[in-house]
$ cat protein_20.pdb   # PDB, C-alpha atoms, pLDDT in the B column
ATOM      1  CA  MET A  23     193.041 186.542 250.209  1.00 80.00           C
ATOM      2  CA  ILE A  24     194.032 186.998 246.575  1.00 79.00           C
ATOM      3  CA  GLY A  25     194.640 190.710 247.018  1.00 84.00           C
ATOM      4  CA  LYS A  26     196.587 190.377 250.235  1.00 87.00           C
ATOM      5  CA  ALA A  27     198.796 187.590 248.856  1.00 86.00           C
ATOM      6  CA  ALA A  28     199.591 189.656 245.777  1.00 87.00           C
ATOM      7  CA  ALA A  29     200.252 192.787 247.821  1.00 90.00           C
ATOM      8  CA  VAL A  30     202.674 191.027 250.158  1.00 90.00           C
ATOM      9  CA  ALA A  31     204.800 189.933 247.201  1.00 89.00           C
ATOM     10  CA  LEU A  32     204.455 193.158 245.211  1.00 92.00           C
ATOM     11  CA  SER A  33     205.220 195.403 248.185  1.00 92.00           C
ATOM     12  CA  LYS A  34     208.665 193.767 248.415  1.00 92.00           C
ATOM     13  CA  LYS A  35     209.488 194.813 244.864  1.00 93.00           C
ATOM     14  CA  PRO A  36     210.754 198.270 243.870  1.00 95.00           C
ATOM     15  CA  TYR A  37     207.442 199.093 242.156  1.00 96.00           C
ATOM     16  CA  THR A  38     205.818 202.379 243.127  1.00 97.00           C
ATOM     17  CA  LYS A  39     203.562 203.148 240.135  1.00 98.00           C
ATOM     18  CA  TYR A  40     200.592 200.833 239.563  1.00 97.00           C
ATOM     19  CA  TRP A  41     197.674 200.485 237.175  1.00 98.00           C
ATOM     20  CA  ILE A  42     194.657 198.222 237.659  1.00 97.00           C
ATOM     21  CA  ALA A  43     192.894 196.724 234.638  1.00 96.00           C
ATOM     22  CA  GLY A  44     190.537 193.898 233.832  1.00 94.00           C
ATOM     23  CA  GLU A  45     187.055 192.779 233.097  1.00 94.00           C
ATOM     24  CA  ASP A  46     184.286 194.957 234.487  1.00 96.00           C
ATOM     25  CA  TYR A  47     182.613 192.532 236.862  1.00 94.00           C
ATOM     26  CA  GLU A  48     182.656 191.784 240.575  1.00 93.00           C
ATOM     27  CA  TYR A  49     185.592 189.353 240.569  1.00 89.00           C
ATOM     28  CA  GLY A  50     187.779 191.694 238.507  1.00 90.00           C
ATOM     29  CA  HIS A  51     187.072 194.693 240.704  1.00 94.00           C
ATOM     30  CA  ALA A  52     187.431 192.674 243.909  1.00 93.00           C
ATOM     31  CA  VAL A  53     190.864 191.326 242.942  1.00 91.00           C
ATOM     32  CA  GLY A  54     192.188 194.644 241.643  1.00 94.00           C
ATOM     33  CA  GLU A  55     190.868 196.805 244.453  1.00 95.00           C
ATOM     34  CA  ALA A  56     191.899 194.428 247.231  1.00 94.00           C
ATOM     35  CA  THR A  57     195.406 194.127 245.820  1.00 94.00           C
ATOM     36  CA  TRP A  58     195.718 197.912 245.628  1.00 97.00           C
ATOM     37  CA  ARG A  59     194.268 198.464 249.121  1.00 96.00           C
ATOM     38  CA  TYR A  60     196.841 196.136 250.693  1.00 96.00           C
ATOM     39  CA  ILE A  61     199.742 197.479 248.615  1.00 96.00           C
ATOM     40  CA  LYS A  62     198.907 201.016 249.730  1.00 97.00           C
ATOM     41  CA  ALA A  63     198.749 199.901 253.374  1.00 97.00           C
ATOM     42  CA  MET A  64     202.128 198.152 253.132  1.00 96.00           C
ATOM     43  CA  LYS A  65     203.833 200.706 250.914  1.00 97.00           C
ATOM     44  CA  PRO A  66     202.310 204.181 251.468  1.00 97.00           C
ATOM     45  CA  GLU A  67     204.473 205.788 248.778  1.00 97.00           C
ATOM     46  CA  ALA A  68     202.823 203.646 246.082  1.00 98.00           C
ATOM     47  CA  GLN A  69     200.785 205.523 243.477  1.00 98.00           C
ATOM     48  CA  LEU A  70     197.763 204.344 241.514  1.00 98.00           C
ATOM     49  CA  LEU A  71     198.116 205.896 238.058  1.00 98.00           C
ATOM     50  CA  GLY A  72     194.733 204.723 236.832  1.00 98.00           C
ATOM     51  CA  GLN A  73     192.234 201.976 236.205  1.00 98.00           C
ATOM     52  CA  THR A  74     190.850 200.483 233.010  1.00 97.00           C
ATOM     53  CA  TRP A  75     187.845 198.154 232.854  1.00 97.00           C
ATOM     54  CA  TRP A  76     186.376 196.484 229.779  1.00 96.00           C
ATOM     55  CA  LYS A  77     183.285 194.371 229.136  1.00 95.00           C
ATOM     56  CA  VAL A  78     183.499 190.683 230.006  1.00 93.00           C
ATOM     57  CA  GLY A  79     184.420 188.791 226.851  1.00 89.00           C
ATOM     58  CA  GLU A  80     185.794 191.864 225.056  1.00 92.00           C
ATOM     59  CA  ALA A  81     187.921 190.594 222.163  1.00 88.00           C
ATOM     60  CA  ASP A  82     189.942 193.683 221.208  1.00 92.00           C
ATOM     61  CA  LEU A  83     191.899 194.808 224.251  1.00 93.00           C
ATOM     62  CA  GLY A  84     194.432 196.898 222.330  1.00 92.00           C
ATOM     63  CA  PRO A  85     192.568 200.213 222.786  1.00 94.00           C
ATOM     64  CA  TYR A  86     192.363 199.537 226.533  1.00 96.00           C
ATOM     65  CA  ILE A  87     196.008 198.566 226.923  1.00 95.00           C
ATOM     66  CA  ALA A  88     197.560 201.396 224.873  1.00 94.00           C
ATOM     67  CA  PRO A  89     196.871 204.132 227.510  1.00 96.00           C
ATOM     68  CA  ILE A  90     198.311 201.866 230.194  1.00 97.00           C
ATOM     69  CA  VAL A  91     201.545 201.455 228.233  1.00 97.00           C
ATOM     70  CA  GLN A  92     201.689 205.240 227.716  1.00 97.00           C
ATOM     71  CA  ALA A  93     201.313 205.843 231.482  1.00 98.00           C
ATOM     72  CA  LYS A  94     204.348 203.602 232.140  1.00 97.00           C
ATOM     73  CA  PRO A  95     203.337 201.923 235.400  1.00 97.00           C
ATOM     74  CA  ASP A  96     205.918 199.760 237.106  1.00 96.00           C
ATOM     75  CA  CYS A  97     203.287 197.070 237.607  1.00 95.00           C
ATOM     76  CA  LEU A  98     199.932 196.215 236.055  1.00 95.00           C
ATOM     77  CA  ILE A  99     197.490 194.533 238.437  1.00 94.00           C
ATOM     78  CA  MET A 100     195.100 192.414 236.383  1.00 91.00           C
ATOM     79  CA  GLY A 101     191.586 191.791 237.649  1.00 89.00           C
ATOM     80  CA  THR A 102     190.321 189.110 235.312  1.00 85.00           C
ATOM     81  CA  GLY A 103     189.812 185.372 235.224  1.00 77.00           C
ATOM     82  CA  GLY A 104     188.853 182.443 233.036  1.00 75.00           C
ATOM     83  CA  THR A 105     188.760 183.102 229.309  1.00 75.00           C
ATOM     84  CA  GLY A 106     189.509 186.767 230.002  1.00 79.00           C
ATOM     85  CA  ASN A 107     192.955 185.637 231.144  1.00 78.00           C
ATOM     86  CA  LEU A 108     193.541 183.817 227.872  1.00 79.00           C
ATOM     87  CA  ASN A 109     192.635 186.860 225.807  1.00 82.00           C
ATOM     88  CA  PHE A 110     194.850 189.126 227.908  1.00 85.00           C
ATOM     89  CA  MET A 111     197.792 186.699 227.926  1.00 81.00           C
ATOM     90  CA  LYS A 112     197.730 186.450 224.124  1.00 81.00           C
ATOM     91  CA  LEU A 113     197.711 190.230 223.821  1.00 85.00           C
ATOM     92  CA  ALA A 114     200.450 190.604 226.442  1.00 84.00           C
ATOM     93  CA  LYS A 115     202.687 188.323 224.415  1.00 81.00           C
ATOM     94  CA  ALA A 116     201.883 190.069 221.131  1.00 85.00           C
ATOM     95  CA  MET A 117     202.611 193.499 222.656  1.00 89.00           C
ATOM     96  CA  ASP A 118     205.617 192.229 224.643  1.00 87.00           C
ATOM     97  CA  LEU A 119     204.065 193.774 227.773  1.00 90.00           C
ATOM     98  CA  PRO A 120     206.200 191.883 230.331  1.00 86.00           C
ATOM     99  CA  LYS A 121     209.262 193.738 229.020  1.00 89.00           C
ATOM    100  CA  GLN A 122     207.509 197.054 229.610  1.00 92.00           C
ATOM    101  CA  MET A 123     206.053 196.463 233.079  1.00 93.00           C
ATOM    102  CA  ALA A 124     205.563 193.783 235.699  1.00 91.00           C
ATOM    103  CA  ILE A 125     202.175 192.082 235.430  1.00 90.00           C
ATOM    104  CA  ASP A 126     200.336 190.535 238.358  1.00 89.00           C
ATOM    105  CA  LEU A 127     197.755 188.135 236.951  1.00 84.00           C
ATOM    106  CA  HIS A 128     196.349 185.988 239.724  1.00 74.00           C
ATOM    107  CA  THR A 129     195.744 182.799 237.760  1.00 55.00           C
ATOM    108  CA  SER A 130     198.371 183.147 235.026  1.00 50.00           C
ATOM    109  CA  ILE A 131     200.139 179.901 235.843  1.00 50.00           C
ATOM    110  CA  GLU A 132     197.121 177.684 236.406  1.00 49.00           C
ATOM    111  CA  LEU A 133     196.991 174.711 234.077  1.00 47.00           C
ATOM    112  CA  SER A 134     193.466 175.621 232.957  1.00 49.00           C
ATOM    113  CA  ASN A 135     194.879 178.854 231.531  1.00 53.00           C
ATOM    114  CA  LEU A 136     198.110 177.469 230.147  1.00 53.00           C
ATOM    115  CA  GLN A 137     196.756 174.417 228.322  1.00 49.00           C
ATOM    116  CA  PRO A 138     194.637 176.312 225.773  1.00 52.00           C
ATOM    117  CA  LEU A 139     197.554 178.653 225.025  1.00 52.00           C
ATOM    118  CA  GLY A 140     200.143 175.932 224.454  1.00 57.00           C
ATOM    119  CA  LYS A 141     203.419 177.315 223.159  1.00 59.00           C
ATOM    120  CA  GLU A 142     201.677 180.581 222.323  1.00 57.00           C
ATOM    121  CA  GLY A 143     201.358 181.434 226.017  1.00 53.00           C
ATOM    122  CA  ALA A 144     202.692 184.654 227.442  1.00 50.00           C
ATOM    123  CA  ARG A 145     205.948 184.769 229.359  1.00 53.00           C
ATOM    124  CA  GLY A 146     207.094 186.916 232.232  1.00 52.00           C
ATOM    125  CA  HIS A 147     203.836 187.408 234.106  1.00 49.00           C
ATOM    126  CA  VAL A 148     204.178 187.757 237.850  1.00 46.00           C
ATOM    127  CA  ARG A 149     202.360 185.438 240.197  1.00 45.00           C
ATOM    128  CA  HIS A 150     201.920 186.118 243.899  1.00 39.00           C
ATOM    129  CA  ARG A 151     205.080 184.289 244.820  1.00 37.00           C
ATOM    130  CA  GLN A 152     206.811 186.165 241.994  1.00 37.00           C
ATOM    131  CA  LEU A 153     207.212 183.046 239.892  1.00 33.00           C
ATOM    132  CA  PRO A 154     207.834 183.808 236.238  1.00 37.00           C
ATOM    133  CA  LEU A 155     205.522 182.165 233.765  1.00 36.00           C
ATOM    134  CA  LEU A 156     207.765 179.757 231.910  1.00 31.00           C
ATOM    135  CA  LEU A 157     206.414 177.652 229.098  1.00 30.00           C
ATOM    136  CA  SER A 158     208.450 175.003 227.356  1.00 24.00           C
TER     137      SER A 158
END
$ encode --input "protein_20.pdb" --output "structure tokens"
Amino acid sequence: MIGKAAAVALSKKPYTKYWIAGEDYEYGHAVGEATWRYIKAMKPEAQLLGQTWWKVGEADLGPYIAPIVQAKPDCLIMGTGGTGNLNFMKLAKAMDLPKQMAIDLHTSIELSNLQPLGKEGARGHVRHRQLPLLLS
């Protein structure tokens, strides 16, 4: 359901180049691969530029994100959850990723993710209904 919901929204956007990234565990792969499968079915011209997977709990995501930025996807599909979201959202803000590409992060606007970040939370992430992440 997560993948299909994301794909419905993303397929309506002008994005054609995608990258999937996240924590290397079942949930991450399931979210990323399902989202891509449905995007490709709805928008056959879409291209998957690559995938990047890191260990659960990995602290330094910079080396994983740099090749993604260099590939210049239109949209980054994130397959991560829980504390992995917090780590990624902090990095996304520090690297100003939302200005470089759209980011689909399934649980980016859930209170359990936003509370620990406070005013340091990332902005501009895409949620399935294409709601921007706005923190006050």
$ residues_around --input "protein_20.pdb" --residues "region 88-99 of chain A" --least-positions-apart "2" --cutoff "10 Å" --atoms "only C-alpha atoms" --output "VMD selection string"
chain A and resid 25 28 to 29 32 35 to 44 53 to 55 57 to 58 69 to 74 83 to 86 101 to 102 117 119 to 120 122 to 128 147 to 148
$ residues_near_point --input "protein_20.pdb" --point "(186.7, 192.6, 226.6)" --cutoff "9 Å" --atoms "only C-alpha atoms" --output "list in words"
Gly44, Glu45, Asp46, Trp75, Trp76, Lys77, Val78, Gly79, Glu80, Ala81, Asp82, Leu83, Tyr86, Gly106, Asn109 and Phe110 of chain A
$ write_last_selection --input "protein_20.pdb" --atoms "C-alpha atoms" --output "PDB file, keeping the file's coordinate frame"
ATOM      1  CA  GLY A  44     190.537 193.898 233.832  1.00 94.00           C
ATOM      2  CA  GLU A  45     187.055 192.779 233.097  1.00 94.00           C
ATOM      3  CA  ASP A  46     184.286 194.957 234.487  1.00 96.00           C
ATOM      4  CA  TRP A  75     187.845 198.154 232.854  1.00 97.00           C
ATOM      5  CA  TRP A  76     186.376 196.484 229.779  1.00 96.00           C
ATOM      6  CA  LYS A  77     183.285 194.371 229.136  1.00 95.00           C
ATOM      7  CA  VAL A  78     183.499 190.683 230.006  1.00 93.00           C
ATOM      8  CA  GLY A  79     184.420 188.791 226.851  1.00 89.00           C
ATOM      9  CA  GLU A  80     185.794 191.864 225.056  1.00 92.00           C
ATOM     10  CA  ALA A  81     187.921 190.594 222.163  1.00 88.00           C
ATOM     11  CA  ASP A  82     189.942 193.683 221.208  1.00 92.00           C
ATOM     12  CA  LEU A  83     191.899 194.808 224.251  1.00 93.00           C
ATOM     13  CA  TYR A  86     192.363 199.537 226.533  1.00 96.00           C
ATOM     14  CA  GLY A 106     189.509 186.767 230.002  1.00 79.00           C
ATOM     15  CA  ASN A 109     192.635 186.860 225.807  1.00 82.00           C
ATOM     16  CA  PHE A 110     194.850 189.126 227.908  1.00 85.00           C
TER      17      PHE A 110
END
$ atom_distance --input "protein_20.pdb" --atom1 "CA of Ile87 (chain A)" --atom2 "CA of Tyr49 (chain A)"
19.5 Å
$ atom_distance --input "protein_20.pdb" --atom1 "CA of Tyr60 (chain A)" --atom2 "CA of Lys34 (chain A)"
12.3 Å
$ atom_distance --input "protein_20.pdb" --atom1 "CA of Lys62 (chain A)" --atom2 "CA of Ser33 (chain A)"
8.6 Å
$ closest_residue --input "protein_20.pdb" --among "A:Met23, A:Val30, A:Leu113, A:Lys65" --to "Ala52 (chain A)" --atoms "only C-alpha atoms"
A:Met23
$ axis_aligned_box --input "protein_20.pdb" --around "region 109-127 of chain A" --padding-each-side "6 Å" --output "AutoDock Vina command-line options"
--center_x 200.9 --center_y 191.8 --center_z 229.7 --size_x 28.6 --size_y 22.6 --size_z 29.2
$ closest_residue --input "protein_20.pdb" --among "A:Ala31, A:Gly103, A:Leu108, A:Ala114" --to "Ile61 (chain A)" --atoms "all atoms listed in the file"
A:Ala31
